[in-house]
Amino acid sequence: MPLLALAGVAKRYTQGSRSHVALDDLALDVESGDFVAIWGSSRSGKTTLLRVAAGLERPDAGTVTYGGADVARLSRRRRADLLLREIGCVWQTGRITRGLSVVDHVALPRLRDVSHVHARREAYTMLERLSALPCAHARWHELTDGDRTRVALAHALVRRPRLLLADEPTANLNLIERERMLTLLRAVAEDAGVAVVMTAPDAPNLLQAHRIMGIDRGRLIKPRSEQPGALLAFPGGGRRAHGGV
Ligand SMILES: Nc1ncnc2c1ncn2[C@@H]1O[C@H](COP(=O)(O)OP(=O)(O)OP(=O)(O)O)[C@@H](O)[C@H]1O
C-alpha cells in the first residue's frame, strides 16, 4: 500500500467571476523510500498539489489517503498531529518563527515530545547534517537562499517524518547547491525510507529523483519511459497520462 495516494483529485479556485483549475483528475502514489520530482511552469498547480497532499487544502473531488486513511475524514486534531510528527513540509514562503534563533526554530517541532535541551541537541545535529551549522545563531536576513532552504529542511526533517513535501527546494540555488540538495533529498528517501515529493520549475536538474513527472494546468504528465533521460523529451511534447504513476 502506498504511503500517500491521490486519486482523481481536482481543485478549482474561484475569484469573482473567474475560476482557475489548479488540479485536474490527478493521481499519484508514493511509497516509503520513493523520491518523486514534479516539475511545471508557474501556476501549473505544484504548490496546490503539495498543499492537498499535506491535508492543508481539501480537494473538490477525489481522495487523498495517507497510510491508508482518507485524510478528509480525519479530525482536525489528527491532521495537525500528522503535520507535527509525520509530514514535513518545506514551503517557498517559509520563514523562521519570529523571535527565535535558527536552532530554536528547528527544535520547535520536537518540543511536544522531548525536553528543550534534547530538542536543541537534535536541532544542532540536523543542522550539522545539512551543512547548516554555521547558521544556527544567524539572523534571518543574514542567511543566503541556500541557507534558508536548508534551515526549512532541517525544521521539516527534525521530526523524522515519514513523508517530506518540498515546494521548489532547488529554486534560487546555484548549480552546485542544487546538486547537493538533490543528493540530500535522495539520501533522505533511500537512507531513512522517507517518501519524498518535491516540485521544481524546470526539469534538467532532477536526474537524481527516482521518478520525474511534469504538471501542466493541474494535470500530471508522465514521461513515456520512467528512465530519467525520458524527461528531456517533455517540454511541449509530453504525452498526458492521468493517474497511475
Ligand atoms: N488560494 C488561492 N486562491 C485563488 N487561486 C489560487 C490559490 N492558490 C492557487 N491558485 C491558483 O491555482 C493555480 C495553481 O497555483 P499553484 O500555486 O498551485 O501553482 P504553482 O505551479 O505552484 O505556481 P508557482 O510556481 O508560481 O508557485 C494558479 O492559477 C493560481 O492562481
# chains A, B, ... in the order shown; residues from 1 in each chain; ligands from 1
>>> residues_near_ligand(ligand="ligand 1", cutoff="9 Å", atoms="only C-alpha atoms and all ligand atoms", output="JSON, numbers by chain")
{"A": [11, 12, 13, 14, 15, 19, 20, 21, 22, 23, 39, 40, 41, 42, 43, 44, 45, 46, 47, 48, 49, 50, 51, 92, 167, 168, 199, 200, 201, 215, 216, 217, 218]}
>>> residues_around(residues="A:Arg79", least_positions_apart="6", cutoff="12 Å", atoms="only C-alpha atoms", output="PyMOL selection string")
chain A and resi 52-58+65-66+69-73+85-87
>>> write_last_selection(atoms="N, CA and C atoms", output="compact mmCIF listing (two decimals), in the first residue's frame")
# COMPACT_ATOMS: atom_id res chain seq x y z
N VAL A 52 -2.57 20.00 -0.95
CA VAL A 52 -3.62 18.99 -0.88
C VAL A 52 -3.05 17.70 -0.28
N ALA A 53 -1.83 17.33 -0.71
CA ALA A 53 -1.19 16.11 -0.19
C ALA A 53 -0.94 16.22 1.31
N ALA A 54 -0.66 17.43 1.77
CA ALA A 54 -0.39 17.65 3.21
C ALA A 54 -1.68 17.73 4.03
N GLY A 55 -2.82 17.77 3.35
CA GLY A 55 -4.09 17.90 4.08
C GLY A 55 -4.40 19.33 4.45
N LEU A 56 -3.66 20.29 3.88
CA LEU A 56 -3.90 21.70 4.20
C LEU A 56 -5.03 22.28 3.34
N GLU A 57 -5.28 21.65 2.20
CA GLU A 57 -6.39 22.05 1.33
C GLU A 57 -7.22 20.81 1.08
N ARG A 58 -8.52 21.00 1.04
CA ARG A 58 -9.41 19.88 0.76
C ARG A 58 -9.71 19.86 -0.74
N THR A 65 -5.27 9.73 0.39
CA THR A 65 -5.11 8.82 1.53
C THR A 65 -3.67 8.82 1.99
N TYR A 66 -3.52 8.82 3.31
CA TYR A 66 -2.19 8.79 3.92
C TYR A 66 -2.18 7.58 4.86
N ALA A 69 -5.49 5.93 5.32
CA ALA A 69 -6.64 6.65 5.87
C ALA A 69 -7.01 7.83 4.97
N ASP A 70 -8.29 8.02 4.75
CA ASP A 70 -8.79 9.14 3.95
C ASP A 70 -8.56 10.43 4.76
N VAL A 71 -7.68 11.28 4.25
CA VAL A 71 -7.29 12.48 5.01
C VAL A 71 -8.50 13.38 5.30
N ALA A 72 -9.46 13.43 4.37
CA ALA A 72 -10.63 14.29 4.56
C ALA A 72 -11.48 13.83 5.74
N ARG A 73 -11.37 12.58 6.11
CA ARG A 73 -12.18 12.05 7.20
C ARG A 73 -11.48 12.13 8.56
N ARG A 85 4.15 15.59 13.39
CA ARG A 85 5.01 14.42 13.65
C ARG A 85 5.42 13.64 12.41
N GLU A 86 4.56 13.56 11.41
CA GLU A 86 4.84 12.59 10.33
C GLU A 86 5.05 13.20 8.96
N ILE A 87 4.52 14.39 8.75
CA ILE A 87 4.64 15.01 7.43
C ILE A 87 5.45 16.29 7.57
>>> select_by_dssp(residues="stretch 94-128 of chain A", states="alpha helix (DSSP H)", output="list in words")
Val102, Val103, Asp104, His105, Val106, Ala107, His116, Val117, His118, Ala119, Arg120, Arg121, Glu122, Ala123, Tyr124, Thr125, Met126, Leu127 and Glu128 of chain A
>>> closest_residue(among="A:Val197, A:Leu207, A:Leu163, A:Val30", to="A:Arg178", atoms="only C-alpha atoms")
A:Leu207
>>> residues_around(residues="A:Leu84", least_positions_apart="4", cutoff="8 Å", atoms="only C-alpha atoms", output="list of chain:residue names")
A:Ala80, A:Gly88, A:Pro109, A:Arg159
>>> select_by_dssp(residues="stretch 114-181 of chain A", states="strand (DSSP E or B)", output="PDB file with N, CA and C atoms, in the first residue's frame")
ATOM      1  N   LEU A 163       6.858  11.325   5.512  1.00  0.00           N
ATOM      2  CA  LEU A 163       6.616  11.943   4.209  1.00  0.00           C
ATOM      3  C   LEU A 163       7.204  13.345   4.225  1.00  0.00           C
ATOM      4  N   LEU A 164       7.970  13.676   3.188  1.00  0.00           N
ATOM      5  CA  LEU A 164       8.525  15.024   3.062  1.00  0.00           C
ATOM      6  C   LEU A 164       7.982  15.653   1.778  1.00  0.00           C
ATOM      7  N   LEU A 165       7.363  16.828   1.922  1.00  0.00           N
ATOM      8  CA  LEU A 165       6.821  17.561   0.776  1.00  0.00           C
ATOM      9  C   LEU A 165       7.613  18.853   0.660  1.00  0.00           C
ATOM     10  N   ALA A 166       8.326  19.032  -0.445  1.00  0.00           N
ATOM     11  CA  ALA A 166       9.202  20.204  -0.567  1.00  0.00           C
ATOM     12  C   ALA A 166       8.857  20.984  -1.831  1.00  0.00           C
TER      13      ALA A 166
END
>>> atom_distance(atom1="atom CA of A:Ala5", atom2="atom CA of A:Thr183")
24.7 Å
>>> closest_residue(among="A:Leu175, A:Leu143, A:Leu82, A:Ala152", to="A:His105", atoms="only C-alpha atoms")
A:Ala152
>>> residues_around(residues="stretch 121-135 of chain A", least_positions_apart="5", cutoff="12 Å", atoms="only C-alpha atoms", output="PyMOL selection string")
chain A and resi 96+101-111+113-116+140-160+177+180-185+187-188
>>> closest_residue(among="A:Pro223, A:Leu100, A:Ala209, A:Asp25", to="A:Ala138", atoms="only C-alpha atoms")
A:Leu100
>>> residues_around(residues="A:Gly62", least_positions_apart="6", cutoff="7 Å", atoms="only C-alpha atoms", output="list in words")
Ala7, Gly8, Val9 and Ala10 of chain A
>>> write_last_selection(atoms="C-alpha atoms", output="compact mmCIF listing (two decimals), in the first residue's frame")
# COMPACT_ATOMS: atom_id res chain seq x y z
CA ALA A 7 -6.84 9.57 -6.77
CA GLY A 8 -9.00 11.64 -9.11
CA VAL A 9 -8.06 14.80 -7.25
CA ALA A 10 -9.50 18.06 -8.55
>>> residues_around(residues="stretch 189-196 of chain A", least_positions_apart="5", cutoff="6 Å", atoms="only C-alpha atoms", output="PyMOL selection string")
chain A and resi 31-35+162-164
